[in-house]
>>> print(open('structure38.cif').read())   # mmCIF, C-alpha atoms and all ligand atoms
data_input
#
loop_
_atom_site.group_PDB
_atom_site.id
_atom_site.type_symbol
_atom_site.label_atom_id
_atom_site.label_comp_id
_atom_site.auth_asym_id
_atom_site.auth_seq_id
_atom_site.Cartn_x
_atom_site.Cartn_y
_atom_site.Cartn_z
ATOM 1 C CA MET F 850 154.443 58.368 94.661
ATOM 2 C CA ALA F 851 150.863 59.639 94.394
ATOM 3 C CA CYS F 852 148.206 56.991 94.760
ATOM 4 C CA ALA F 853 146.081 56.704 91.526
ATOM 5 C CA ASP F 854 142.710 56.236 93.304
ATOM 6 C CA ALA F 855 143.257 59.001 95.898
ATOM 7 C CA ARG F 856 139.917 60.724 96.488
ATOM 8 C CA PRO F 857 139.343 64.278 97.663
ATOM 9 C CA PRO F 858 138.383 64.428 101.317
ATOM 10 C CA ALA F 859 134.690 64.429 102.248
ATOM 11 C CA TRP F 860 134.747 68.050 103.398
ATOM 12 C CA ALA F 861 136.038 69.157 99.977
ATOM 13 C CA LEU F 862 133.243 67.239 98.242
ATOM 14 C CA ALA F 863 130.692 68.816 100.563
ATOM 15 C CA LEU F 864 132.068 72.290 99.814
ATOM 16 C CA ALA F 865 131.998 71.606 96.067
ATOM 17 C CA ALA F 866 128.365 70.455 96.324
ATOM 18 C CA LEU F 867 127.474 73.607 98.248
ATOM 19 C CA GLY F 868 129.205 75.746 95.631
ATOM 20 C CA LEU F 869 127.298 73.962 92.890
ATOM 21 C CA LEU F 870 123.995 74.538 94.661
ATOM 22 C CA ALA F 871 124.751 78.225 95.198
ATOM 23 C CA SER F 872 125.711 78.671 91.526
ATOM 24 C CA ALA F 873 122.560 76.858 90.360
ATOM 25 C CA ARG F 874 120.420 79.102 92.603
ATOM 26 C CA ALA F 875 122.111 82.245 91.285
ATOM 27 C CA ALA F 876 121.656 81.074 87.691
ATOM 28 C CA ALA F 877 117.958 80.342 88.312
ATOM 29 C CA ARG F 878 117.440 83.797 89.823
ATOM 30 C CA LEU F 879 119.200 85.425 86.874
ATOM 31 C CA ALA F 880 117.049 83.467 84.421
ATOM 32 C CA LEU F 881 113.883 84.504 86.304
ATOM 33 C CA TRP F 882 115.030 88.118 86.306
ATOM 34 C CA VAL F 883 115.663 88.074 82.541
ATOM 35 C CA TYR F 884 112.223 86.547 82.029
ATOM 36 C CA ALA F 885 110.493 89.058 84.327
ATOM 37 C CA VAL F 886 112.214 92.111 82.882
ATOM 38 C CA PHE F 887 112.367 91.300 79.167
ATOM 39 C CA LEU F 888 110.104 88.411 78.228
ATOM 40 C CA ARG F 889 107.086 88.175 80.474
ATOM 41 C CA PRO F 890 103.901 89.052 78.576
ATOM 42 C CA ALA F 891 101.663 91.887 79.771
ATOM 43 C CA LYS F 892 98.635 91.113 81.887
ATOM 44 C CA PRO F 893 95.262 91.721 80.211
ATOM 45 C CA LEU F 894 94.363 94.416 82.731
ATOM 46 C CA ARG F 895 90.758 94.972 81.756
ATOM 47 C CA ARG F 896 89.903 91.272 81.740
ATOM 48 C CA ARG F 897 91.912 90.440 84.846
ATOM 49 C CA TYR F 898 91.000 93.388 87.088
ATOM 50 C CA GLY F 899 88.119 95.444 85.671
ATOM 51 C CA ALA F 900 87.233 98.186 83.205
ATOM 52 C CA TRP F 901 88.318 101.349 85.023
ATOM 53 C CA ALA F 902 91.573 102.687 86.426
ATOM 54 C CA VAL F 903 91.680 105.479 89.001
ATOM 55 C CA VAL F 904 94.868 107.546 89.168
ATOM 56 C CA THR F 905 95.500 110.173 91.847
ATOM 57 C CA GLY F 906 97.836 113.058 91.061
ATOM 58 C CA ALA F 907 97.101 112.454 87.390
ATOM 59 C CA THR F 908 97.748 115.945 86.036
ATOM 60 C CA ASP F 909 101.538 115.832 86.026
ATOM 61 C CA GLY F 910 104.660 113.679 86.213
ATOM 62 C CA ILE F 911 104.388 109.945 86.759
ATOM 63 C CA GLY F 912 100.637 109.963 87.429
ATOM 64 C CA ARG F 913 99.873 111.708 84.157
ATOM 65 C CA ALA F 914 102.138 109.354 82.212
ATOM 66 C CA LEU F 915 100.599 106.308 83.878
ATOM 67 C CA ALA F 916 97.100 107.531 83.075
ATOM 68 C CA PHE F 917 98.054 107.710 79.375
ATOM 69 C CA ARG F 918 99.516 104.205 79.501
ATOM 70 C CA LEU F 919 96.563 102.705 81.338
ATOM 71 C CA ALA F 920 94.193 104.248 78.790
ATOM 72 C CA ALA F 921 96.374 102.925 75.970
ATOM 73 C CA SER F 922 96.221 99.458 77.492
ATOM 74 C CA GLY F 923 92.429 99.450 77.138
ATOM 75 C CA LEU F 924 91.181 100.806 80.458
ATOM 76 C CA ASP F 925 88.764 103.664 80.985
ATOM 77 C CA VAL F 926 90.310 106.170 83.355
ATOM 78 C CA VAL F 927 89.258 108.407 86.239
ATOM 79 C CA LEU F 928 91.759 111.210 86.750
ATOM 80 C CA VAL F 929 91.970 112.641 90.258
ATOM 81 C CA GLY F 930 93.718 115.961 90.852
ATOM 82 C CA ARG F 931 93.354 119.339 92.503
ATOM 83 C CA ASP F 932 93.088 121.648 89.496
ATOM 84 C CA PRO F 933 89.881 121.323 87.401
ATOM 85 C CA ASP F 934 91.400 123.088 84.384
ATOM 86 C CA LYS F 935 94.459 120.847 84.344
ATOM 87 C CA LEU F 936 92.248 117.806 84.817
ATOM 88 C CA ALA F 937 90.107 118.814 81.850
ATOM 89 C CA ALA F 938 93.155 119.406 79.658
ATOM 90 C CA VAL F 939 94.767 116.059 80.518
ATOM 91 C CA ALA F 940 91.434 114.261 80.098
ATOM 92 C CA ALA F 941 91.000 115.764 76.623
ATOM 93 C CA ASP F 942 94.528 114.693 75.608
ATOM 94 C CA ILE F 943 94.064 111.153 76.894
ATOM 95 C CA LYS F 944 90.636 110.800 75.335
ATOM 96 C CA ALA F 945 91.859 112.015 71.936
ATOM 97 C CA LYS F 946 94.683 109.488 71.977
ATOM 98 C CA ALA F 947 92.707 106.563 73.395
ATOM 99 C CA LYS F 948 89.825 107.060 70.955
ATOM 100 C CA GLN F 949 92.173 106.417 68.039
ATOM 101 C CA ARG F 950 92.378 102.810 69.234
ATOM 102 C CA ARG F 951 89.062 102.446 71.021
ATOM 103 C CA PRO F 952 86.240 104.809 69.966
ATOM 104 C CA ASP F 953 84.271 104.132 73.150
ATOM 105 C CA ALA F 954 87.181 104.990 75.486
ATOM 106 C CA GLU F 955 86.017 107.007 78.502
ATOM 107 C CA VAL F 956 87.884 109.464 80.718
ATOM 108 C CA ARG F 957 86.304 111.111 83.762
ATOM 109 C CA THR F 958 87.745 113.565 86.246
ATOM 110 C CA PHE F 959 87.299 114.266 89.933
ATOM 111 C CA ALA F 960 88.758 117.292 91.713
ATOM 112 C CA VAL F 961 90.076 117.065 95.250
ATOM 113 C CA ASP F 962 92.831 118.932 97.033
ATOM 114 C CA PHE F 963 94.266 116.314 99.387
ATOM 115 C CA THR F 964 95.852 118.979 101.584
ATOM 116 C CA ALA F 965 92.642 120.942 102.106
ATOM 117 C CA ASP F 966 90.614 120.688 105.292
ATOM 118 C CA ASP F 967 87.667 119.182 103.421
ATOM 119 C CA ALA F 968 89.813 116.417 101.881
ATOM 120 C CA ALA F 969 88.231 113.638 103.970
ATOM 121 C CA ALA F 970 84.729 114.636 102.833
ATOM 122 C CA ARG F 971 85.880 114.957 99.228
ATOM 123 C CA VAL F 972 87.306 111.432 99.295
ATOM 124 C CA VAL F 973 83.975 110.135 100.581
ATOM 125 C CA ALA F 974 82.417 111.944 97.613
ATOM 126 C CA LEU F 975 84.993 110.289 95.351
ATOM 127 C CA GLY F 976 83.840 106.912 96.664
ATOM 128 C CA GLU F 977 80.263 107.846 95.716
ATOM 129 C CA PHE F 978 81.443 109.082 92.310
ATOM 130 C CA LEU F 979 83.085 105.691 91.676
ATOM 131 C CA ARG F 980 80.156 103.634 92.900
ATOM 132 C CA GLY F 981 78.788 101.578 90.039
ATOM 133 C CA LEU F 982 82.019 101.748 88.048
ATOM 134 C CA ASP F 983 83.943 98.505 87.624
ATOM 135 C CA VAL F 984 87.166 99.929 89.091
ATOM 136 C CA GLY F 985 89.892 97.362 88.512
ATOM 137 C CA VAL F 986 93.031 99.394 89.067
ATOM 138 C CA LEU F 987 93.812 102.074 91.620
ATOM 139 C CA VAL F 988 97.080 103.974 91.387
ATOM 140 C CA ASN F 989 97.760 105.945 94.561
ATOM 141 C CA ASN F 990 100.297 108.208 92.950
ATOM 142 C CA VAL F 991 99.742 111.590 94.563
ATOM 143 C CA GLY F 992 102.636 112.567 96.804
ATOM 144 C CA ALA F 993 105.306 115.162 97.403
ATOM 145 C CA SER F 994 108.735 115.660 98.885
ATOM 146 C CA TYR F 995 110.595 118.674 100.308
ATOM 147 C CA PRO F 996 111.187 121.548 97.916
ATOM 148 C CA TYR F 997 114.831 121.273 98.992
ATOM 149 C CA ALA F 998 116.879 119.338 101.571
ATOM 150 C CA ARG F 999 116.682 120.611 105.148
ATOM 151 C CA TYR F 1000 117.265 119.590 108.740
ATOM 152 C CA PHE F 1001 114.269 118.213 110.587
ATOM 153 C CA HIS F 1002 114.162 121.165 113.007
ATOM 154 C CA GLU F 1003 113.799 123.437 109.973
ATOM 155 C CA VAL F 1004 110.717 121.609 108.696
ATOM 156 C CA ASP F 1005 107.823 123.936 109.379
ATOM 157 C CA GLU F 1006 104.333 122.933 110.407
ATOM 158 C CA GLU F 1007 102.869 123.620 106.984
ATOM 159 C CA LEU F 1008 105.344 121.451 105.101
ATOM 160 C CA ALA F 1009 105.026 118.580 107.587
ATOM 161 C CA ARG F 1010 101.226 118.715 107.395
ATOM 162 C CA ARG F 1011 101.302 118.795 103.587
ATOM 163 C CA LEU F 1012 103.583 115.735 103.416
ATOM 164 C CA ILE F 1013 101.478 113.750 105.860
ATOM 165 C CA ARG F 1014 98.219 114.650 104.156
ATOM 166 C CA LEU F 1015 99.523 113.868 100.672
ATOM 167 C CA ASN F 1016 101.754 110.873 101.346
ATOM 168 C CA VAL F 1017 99.902 109.175 104.194
ATOM 169 C CA GLU F 1018 96.305 110.341 104.437
ATOM 170 C CA ALA F 1019 95.525 110.436 100.703
ATOM 171 C CA VAL F 1020 96.702 106.877 100.036
ATOM 172 C CA THR F 1021 94.883 105.600 103.119
ATOM 173 C CA ARG F 1022 91.588 107.367 102.485
ATOM 174 C CA VAL F 1023 91.420 106.704 98.740
ATOM 175 C CA THR F 1024 92.230 103.023 99.246
ATOM 176 C CA HIS F 1025 89.530 102.838 101.911
ATOM 177 C CA ALA F 1026 87.030 104.377 99.491
ATOM 178 C CA VAL F 1027 87.882 102.114 96.549
ATOM 179 C CA LEU F 1028 88.492 98.743 98.241
ATOM 180 C CA PRO F 1029 84.911 97.773 99.132
ATOM 181 C CA GLY F 1030 83.939 97.645 95.440
ATOM 182 C CA MET F 1031 86.975 95.517 94.641
ATOM 183 C CA VAL F 1032 86.181 93.159 97.511
ATOM 184 C CA GLU F 1033 82.623 92.832 96.234
ATOM 185 C CA ARG F 1034 83.829 92.033 92.720
ATOM 186 C CA ARG F 1035 86.639 89.856 94.107
ATOM 187 C CA ARG F 1036 89.244 91.416 91.828
ATOM 188 C CA GLY F 1037 91.423 94.497 91.642
ATOM 189 C CA ALA F 1038 94.943 95.890 91.705
ATOM 190 C CA ILE F 1039 96.269 98.662 93.887
ATOM 191 C CA VAL F 1040 99.588 100.305 93.144
ATOM 192 C CA ASN F 1041 101.019 102.637 95.763
ATOM 193 C CA MET F 1042 103.904 104.973 95.069
ATOM 194 C CA GLY F 1043 106.544 104.460 97.684
ATOM 195 C CA SER F 1044 110.145 105.488 97.335
ATOM 196 C CA GLY F 1045 113.458 103.697 97.152
ATOM 197 C CA ALA F 1046 114.635 106.266 99.680
ATOM 198 C CA SER F 1047 112.614 104.533 102.400
ATOM 199 C CA ALA F 1048 113.257 100.902 101.533
ATOM 200 C CA VAL F 1049 116.408 100.561 99.488
ATOM 201 C CA MET F 1050 118.580 103.215 101.098
ATOM 202 C CA PRO F 1051 119.487 102.683 104.768
ATOM 203 C CA SER F 1052 118.529 106.304 105.522
ATOM 204 C CA ASP F 1053 117.868 109.534 103.672
ATOM 205 C CA PRO F 1054 118.952 112.386 105.917
ATOM 206 C CA LEU F 1055 117.578 115.886 105.310
ATOM 207 C CA TYR F 1056 114.404 114.351 103.853
ATOM 208 C CA THR F 1057 113.315 112.709 107.099
ATOM 209 C CA VAL F 1058 109.584 113.376 107.046
ATOM 210 C CA TYR F 1059 109.277 112.488 103.360
ATOM 211 C CA VAL F 1060 111.090 109.191 103.799
ATOM 212 C CA ALA F 1061 109.156 108.334 106.961
ATOM 213 C CA THR F 1062 105.852 108.881 105.151
ATOM 214 C CA LYS F 1063 107.021 106.655 102.302
ATOM 215 C CA ALA F 1064 107.983 103.943 104.821
ATOM 216 C CA TYR F 1065 104.328 104.068 105.860
ATOM 217 C CA VAL F 1066 103.282 103.482 102.241
ATOM 218 C CA ASP F 1067 105.647 100.513 102.041
ATOM 219 C CA GLN F 1068 104.285 98.792 105.167
ATOM 220 C CA PHE F 1069 100.698 99.756 104.347
ATOM 221 C CA SER F 1070 101.092 98.006 100.991
ATOM 222 C CA ARG F 1071 102.758 94.897 102.419
ATOM 223 C CA CYS F 1072 100.016 94.371 104.964
ATOM 224 C CA LEU F 1073 97.224 94.998 102.468
ATOM 225 C CA TYR F 1074 98.867 92.575 100.054
ATOM 226 C CA VAL F 1075 98.596 89.811 102.616
ATOM 227 C CA GLU F 1076 95.123 90.840 103.832
ATOM 228 C CA TYR F 1077 93.544 90.921 100.380
ATOM 229 C CA LYS F 1078 95.448 88.228 98.501
ATOM 230 C CA SER F 1079 92.715 85.676 99.139
ATOM 231 C CA LYS F 1080 90.089 88.145 97.893
ATOM 232 C CA GLY F 1081 91.603 88.384 94.404
ATOM 233 C CA ILE F 1082 93.180 91.804 94.974
ATOM 234 C CA ASP F 1083 96.838 92.474 94.201
ATOM 235 C CA VAL F 1084 98.578 95.229 96.129
ATOM 236 C CA GLN F 1085 101.948 96.536 95.141
ATOM 237 C CA CYS F 1086 104.312 99.241 96.286
ATOM 238 C CA GLN F 1087 106.572 100.846 93.740
ATOM 239 C CA LEU F 1088 109.918 101.647 95.268
ATOM 240 C CA ARG F 1089 111.587 103.957 92.872
ATOM 241 C CA CYS F 1090 115.014 105.501 92.892
ATOM 242 C CA GLY F 1091 116.452 107.926 90.432
ATOM 243 C CA THR F 1092 115.419 110.979 88.590
ATOM 244 C CA LEU F 1093 111.895 111.726 87.526
ATOM 245 C CA GLU F 1094 112.668 111.150 83.883
ATOM 246 C CA TYR F 1095 114.344 107.815 84.368
ATOM 247 C CA ALA F 1096 111.813 106.518 86.869
ATOM 248 C CA SER F 1097 108.981 107.554 84.585
ATOM 249 C CA VAL F 1098 110.477 105.985 81.500
ATOM 250 C CA ALA F 1099 111.177 102.735 83.322
ATOM 251 C CA MET F 1100 107.638 102.530 84.611
ATOM 252 C CA ILE F 1101 105.792 103.685 81.542
ATOM 253 C CA PHE F 1102 107.403 101.284 79.143
ATOM 254 C CA ASN F 1103 106.996 98.371 81.501
ATOM 255 C CA ILE F 1104 103.550 98.994 82.815
ATOM 256 C CA HIS F 1105 102.678 95.309 82.880
ATOM 257 C CA ARG F 1106 105.368 94.837 85.488
ATOM 258 C CA LEU F 1107 103.355 96.999 87.819
ATOM 259 C CA PHE F 1108 100.917 94.207 88.237
ATOM 260 C CA CYS F 1109 103.125 91.139 88.145
ATOM 261 C CA LYS F 1110 104.919 89.356 90.924
ATOM 262 C CA THR F 1111 108.576 90.219 90.941
ATOM 263 C CA TYR F 1112 111.449 87.913 90.445
ATOM 264 C CA PHE F 1113 112.035 88.289 94.159
ATOM 265 C CA GLY F 1114 108.824 86.328 94.628
ATOM 266 C CA ARG F 1115 107.301 89.278 96.422
ATOM 267 C CA ASN F 1116 104.693 91.602 95.101
ATOM 268 C CA PHE F 1117 107.008 94.558 95.140
ATOM 269 C CA TYR F 1118 108.908 95.927 92.241
ATOM 270 C CA ILE F 1119 111.960 98.075 92.408
ATOM 271 C CA THR F 1120 112.459 100.380 89.462
ATOM 272 C CA TYR F 1121 115.743 102.202 89.225
HETATM 273 N N1 LIG F 1201 109.848 111.625 90.773
HETATM 274 C C1 LIG F 1201 110.608 110.747 91.371
HETATM 275 O O1 LIG F 1201 111.763 110.521 91.041
HETATM 276 C C2 LIG F 1201 110.020 109.955 92.500
HETATM 277 C C3 LIG F 1201 110.838 109.115 93.239
HETATM 278 C C4 LIG F 1201 110.290 108.378 94.265
HETATM 279 C C5 LIG F 1201 108.933 108.471 94.527
HETATM 280 N N2 LIG F 1201 108.142 109.320 93.802
HETATM 281 C C6 LIG F 1201 106.715 109.400 94.126
HETATM 282 O O2 LIG F 1201 105.950 109.254 92.923
HETATM 283 C C7 LIG F 1201 104.763 110.028 93.012
HETATM 284 C C8 LIG F 1201 104.636 110.983 91.830
HETATM 285 O O3 LIG F 1201 105.779 111.802 91.781
HETATM 286 P P1 LIG F 1201 105.980 112.894 90.630
HETATM 287 O O4 LIG F 1201 107.401 113.287 90.706
HETATM 288 O O5 LIG F 1201 105.410 112.418 89.338
HETATM 289 O O6 LIG F 1201 105.073 114.108 91.198
HETATM 290 P P2 LIG F 1201 104.693 115.499 90.489
HETATM 291 O O7 LIG F 1201 105.281 115.601 89.129
HETATM 292 O O8 LIG F 1201 104.974 116.577 91.470
HETATM 293 O O9 LIG F 1201 103.100 115.357 90.299
HETATM 294 C C9 LIG F 1201 102.312 115.278 91.442
HETATM 295 C C10 LIG F 1201 100.849 115.149 91.058
HETATM 296 O O10 LIG F 1201 100.104 115.241 92.274
HETATM 297 C C11 LIG F 1201 99.214 116.362 92.180
HETATM 298 N N3 LIG F 1201 99.054 117.023 93.457
HETATM 299 C C12 LIG F 1201 99.992 117.725 94.140
HETATM 300 N N4 LIG F 1201 99.456 118.228 95.266
HETATM 301 C C13 LIG F 1201 98.170 117.843 95.286
HETATM 302 C C14 LIG F 1201 97.092 118.058 96.173
HETATM 303 N N5 LIG F 1201 97.237 118.804 97.267
HETATM 304 N N6 LIG F 1201 95.889 117.495 95.912
HETATM 305 C C15 LIG F 1201 95.700 116.768 94.790
HETATM 306 N N7 LIG F 1201 96.683 116.536 93.890
HETATM 307 C C16 LIG F 1201 97.900 117.079 94.137
HETATM 308 C C17 LIG F 1201 99.859 117.295 91.187
HETATM 309 O O11 LIG F 1201 98.864 118.173 90.714
HETATM 310 P P3 LIG F 1201 99.257 119.558 89.955
HETATM 311 O O12 LIG F 1201 99.452 119.179 88.509
HETATM 312 O O13 LIG F 1201 98.046 120.402 90.166
HETATM 313 O O14 LIG F 1201 100.490 120.105 90.594
HETATM 314 C C18 LIG F 1201 100.367 116.288 90.168
HETATM 315 O O15 LIG F 1201 99.320 115.827 89.361
HETATM 316 C C19 LIG F 1201 104.796 110.724 94.355
HETATM 317 O O16 LIG F 1201 104.081 109.968 95.305
HETATM 318 C C20 LIG F 1201 106.285 110.733 94.692
HETATM 319 O O17 LIG F 1201 106.528 110.799 96.078
HETATM 320 C C21 LIG F 1201 108.662 110.075 92.799
#
>>> encode(input="structure38.cif", output="structure tokens")
Amino acid sequence: MACADARPPAWALALAALGLLASARAAARLALWVYAVFLRPAKPLRRRYGAWAVVTGATDGIGRALAFRLAASGLDVVLVGRDPDKLAAVAADIKAKAKQRRPDAEVRTFAVDFTADDAAARVVALGEFLRGLDVGVLVNNVGASYPYARYFHEVDEELARRLIRLNVEAVTRVTHAVLPGMVERRRGAIVNMGSGASAVMPSDPLYTVYVATKAYVDQFSRCLYVEYKSKGIDVQCQLRCGTLEYASVAMIFNIHRLFCKTYFGRNFYITY
């Protein structure tokens, strides 16, 4: 006959307690995720970081869309790109839209070709151009990939140089030009465009140089995040996967997430 006060063995109780703890942890993470993705209010960017946003590669794609959103969220914007005519056209569009909400909205442009031999000097000039502006947000968006997949031995000198100049040198130089002002003001946010291909996927064959340059952006951002945390500057690397349209939509409609800590407790956000 079974004994009425038979208790489960100690090891079973310990396992049950462990299971309970694991479930509670998973539930807490899920709740934090729901909060971060759907409920968390936007940061007041202008008040928190400063009046101006600088966006590189702002004449097309994600950079252009982000520039519109940053202007709509109350920031004045400096558009950086290589084509003066495109810059002027995008600036006029953004200004027309932003002025509907804020008559004193400002948009300025600065032309630099980050693959040209004078790029380093032009970025120094960009630093001068920005001096005196309360730059709160820097989006290092400019970047490029292969026109099509290819083996590494088929990557020619010109393509490799272009990828390194755009994906590595531009982010490094522009950050170096903008940071001193942020340090002085003890506030700022830097968003660097990485890629899920370098951090989420275990490898991305046939895009080797692209992915390697984006791994640089990832580590560059992590280290800067730690270096400048105590100086009031947030640094974030966007690791995006997916098509242009989907990545853009996800980012544009959730711009406040760009500047918030993630539910992973790290200052990195993964947008699919
Ligand atoms: N799209 C995606 O799904 C995806 C995924 C992962 C990561 N990313 C990263 O996100 C960033 C933006 O991607 P995107 O797809 O939006 O790019 P995109 O549509 O090709 O736009 C690139 C922007 O950079 C500018 N640009 C190109 N070469 C330049 C140069 N030599 N000097 C100055 N500006 C130059 C372009 O100017 P023009 O208008 O004159 O061409 C354009 O404004 C990149 O860093 C990319 O690696 C994108």
>>> axis_aligned_box(input="structure38.cif", around="ligand LIG 1201 (chain F)", padding_each_side="5 Å", output="JSON")
{"center_x": 103.7, "center_y": 114.4, "center_z": 92.9, "size_x": 26.1, "size_y": 22.0, "size_z": 18.8}
>>> residues_around(input="structure38.cif", residues="Asp1067 in chain F", least_positions_apart="2", cutoff="10 Å", atoms="all atoms listed in the file", output="list in words")
Asn1041, Met1042, Gly1043, Ser1044, Gly1045, Ser1047, Ala1048, Ala1061, Thr1062, Lys1063, Ala1064, Tyr1065, Phe1069, Ser1070, Arg1071, Cys1072, Gln1085, Cys1086, Gln1087, Leu1088 and Phe1117 of chain F
>>> closest_atom_pairs(input="structure38.cif", of="chain F", to="ligand LIG 1201 (chain F)", cutoff="9 Å", atoms="only C-alpha atoms and all ligand atoms", output="Markdown table")
| residue | atom | partner | partner_atom | distance |
| --- | --- | --- | --- | --- |
| F:Thr905 | CA | F:LIG1201 | N7 | 6.8 |
| F:Gly906 | CA | F:LIG1201 | O10 | 3.4 |
| F:Ala907 | CA | F:LIG1201 | O15 | 4.5 |
| F:Thr908 | CA | F:LIG1201 | O15 | 3.7 |
| F:Asp909 | CA | F:LIG1201 | O15 | 4.0 |
| F:Gly910 | CA | F:LIG1201 | O5 | 3.5 |
| F:Ile911 | CA | F:LIG1201 | O5 | 3.7 |
| F:Gly912 | CA | F:LIG1201 | O5 | 5.7 |
| F:Arg913 | CA | F:LIG1201 | O15 | 6.7 |
| F:Ala914 | CA | F:LIG1201 | O5 | 8.4 |
| F:Val929 | CA | F:LIG1201 | N7 | 7.1 |
| F:Gly930 | CA | F:LIG1201 | N7 | 4.3 |
| F:Arg931 | CA | F:LIG1201 | C15 | 4.2 |
| F:Asp932 | CA | F:LIG1201 | O13 | 5.2 |
| F:Pro933 | CA | F:LIG1201 | O13 | 8.7 |
| F:Lys935 | CA | F:LIG1201 | O12 | 6.7 |
| F:Leu936 | CA | F:LIG1201 | O12 | 8.2 |
| F:Ala960 | CA | F:LIG1201 | C15 | 7.6 |
| F:Val961 | CA | F:LIG1201 | C15 | 5.7 |
| F:Asp962 | CA | F:LIG1201 | N6 | 3.6 |
| F:Phe963 | CA | F:LIG1201 | N6 | 4.0 |
| F:Thr964 | CA | F:LIG1201 | N5 | 4.5 |
| F:Ala965 | CA | F:LIG1201 | N5 | 7.0 |
| F:Ala968 | CA | F:LIG1201 | N6 | 8.6 |
| F:Asn989 | CA | F:LIG1201 | O16 | 7.5 |
| F:Asn990 | CA | F:LIG1201 | O16 | 4.8 |
| F:Val991 | CA | F:LIG1201 | O10 | 4.3 |
| F:Gly992 | CA | F:LIG1201 | O16 | 3.3 |
| F:Ala993 | CA | F:LIG1201 | O17 | 4.7 |
| F:Ser994 | CA | F:LIG1201 | O17 | 6.0 |
| F:Arg1011 | CA | F:LIG1201 | N5 | 7.5 |
| F:Arg1014 | CA | F:LIG1201 | N5 | 8.1 |
| F:Leu1015 | CA | F:LIG1201 | N5 | 6.4 |
| F:Asn1016 | CA | F:LIG1201 | O16 | 6.5 |
| F:Ala1019 | CA | F:LIG1201 | N6 | 8.5 |
| F:Asn1041 | CA | F:LIG1201 | O16 | 8.0 |
| F:Met1042 | CA | F:LIG1201 | O16 | 5.0 |
| F:Gly1043 | CA | F:LIG1201 | C5 | 5.6 |
| F:Ser1044 | CA | F:LIG1201 | C4 | 4.2 |
| F:Gly1045 | CA | F:LIG1201 | C4 | 6.3 |
| F:Ala1046 | CA | F:LIG1201 | C4 | 7.3 |
| F:Tyr1059 | CA | F:LIG1201 | O17 | 8.0 |
| F:Lys1063 | CA | F:LIG1201 | O17 | 7.5 |
| F:Gln1087 | CA | F:LIG1201 | C5 | 8.0 |
| F:Leu1088 | CA | F:LIG1201 | C4 | 6.8 |
| F:Arg1089 | CA | F:LIG1201 | C4 | 4.8 |
| F:Cys1090 | CA | F:LIG1201 | C3 | 5.5 |
| F:Gly1091 | CA | F:LIG1201 | O1 | 5.4 |
| F:Thr1092 | CA | F:LIG1201 | O1 | 4.4 |
| F:Leu1093 | CA | F:LIG1201 | O1 | 3.7 |
| F:Glu1094 | CA | F:LIG1201 | O1 | 7.2 |
| F:Tyr1095 | CA | F:LIG1201 | O1 | 7.6 |
| F:Ala1096 | CA | F:LIG1201 | O1 | 5.8 |
| F:Ser1097 | CA | F:LIG1201 | N1 | 7.5 |
>>> resolve_selection(input="structure38.cif", expression="the PyMOL selection byres (((chain F and resi 923) around 12) and not hetatm)", output="ChimeraX atom specification")
/F:892-902,916-922,924-926,943-944,946-956,985-986
>>> atom_distance(input="structure38.cif", atom1="CA of Val1027 in chain F", atom2="CA of Ala945 in chain F")
26.8 Å
>>> residues_around(input="structure38.cif", residues="Tyr1056 in chain F", least_positions_apart="2", cutoff="9 Å", atoms="all atoms listed in the file", output="ChimeraX atom specification")
/F:994-995,997-1001,1053-1054,1058-1061
>>> atom_distance(input="structure38.cif", atom1="CA of Ala891 in chain F", atom2="CA of Leu975 in chain F")
29.3 Å
>>> atom_distance(input="structure38.cif", atom1="CA of Val904 in chain F", atom2="CA of Pro996 in chain F")
23.2 Å
>>> closest_residue(input="structure38.cif", among="F:Leu1028, F:Val1084, F:Ala863, F:Val1017", to="Val1040 in chain F", atoms="all atoms listed in the file")
F:Val1084
>>> build_atoms(input="structure38.cif", residues="range 950-958 of chain F", atoms="N, CA and C atoms", output="PDB file, in the frame of the given file")
ATOM      1  N   ARG F 950      92.366 104.274  69.176  1.00  0.00           N
ATOM      2  CA  ARG F 950      92.378 102.810  69.234  1.00  0.00           C
ATOM      3  C   ARG F 950      91.018 102.246  69.592  1.00  0.00           C
ATOM      4  N   ARG F 951      90.316 102.985  70.479  1.00  0.00           N
ATOM      5  CA  ARG F 951      89.062 102.446  71.021  1.00  0.00           C
ATOM      6  C   ARG F 951      88.052 103.596  71.049  1.00  0.00           C
ATOM      7  N   PRO F 952      87.145 103.660  70.076  1.00  0.00           N
ATOM      8  CA  PRO F 952      86.240 104.809  69.966  1.00  0.00           C
ATOM      9  C   PRO F 952      85.388 105.024  71.218  1.00  0.00           C
ATOM     10  N   ASP F 953      85.136 103.964  71.978  1.00  0.00           N
ATOM     11  CA  ASP F 953      84.271 104.132  73.150  1.00  0.00           C
ATOM     12  C   ASP F 953      85.074 104.387  74.437  1.00  0.00           C
ATOM     13  N   ALA F 954      86.344 104.737  74.295  1.00  0.00           N
ATOM     14  CA  ALA F 954      87.181 104.990  75.486  1.00  0.00           C
ATOM     15  C   ALA F 954      86.590 106.132  76.312  1.00  0.00           C
ATOM     16  N   GLU F 955      86.597 105.970  77.628  1.00  0.00           N
ATOM     17  CA  GLU F 955      86.017 107.007  78.502  1.00  0.00           C
ATOM     18  C   GLU F 955      87.064 107.544  79.467  1.00  0.00           C
ATOM     19  N   VAL F 956      87.012 108.842  79.716  1.00  0.00           N
ATOM     20  CA  VAL F 956      87.884 109.464  80.718  1.00  0.00           C
ATOM     21  C   VAL F 956      87.017 110.389  81.564  1.00  0.00           C
ATOM     22  N   ARG F 957      87.055 110.212  82.871  1.00  0.00           N
ATOM     23  CA  ARG F 957      86.304 111.111  83.762  1.00  0.00           C
ATOM     24  C   ARG F 957      87.277 111.762  84.728  1.00  0.00           C
ATOM     25  N   THR F 958      86.847 112.858  85.327  1.00  0.00           N
ATOM     26  CA  THR F 958      87.745 113.565  86.246  1.00  0.00           C
ATOM     27  C   THR F 958      87.037 113.824  87.574  1.00  0.00           C
TER      28      THR F 958
END
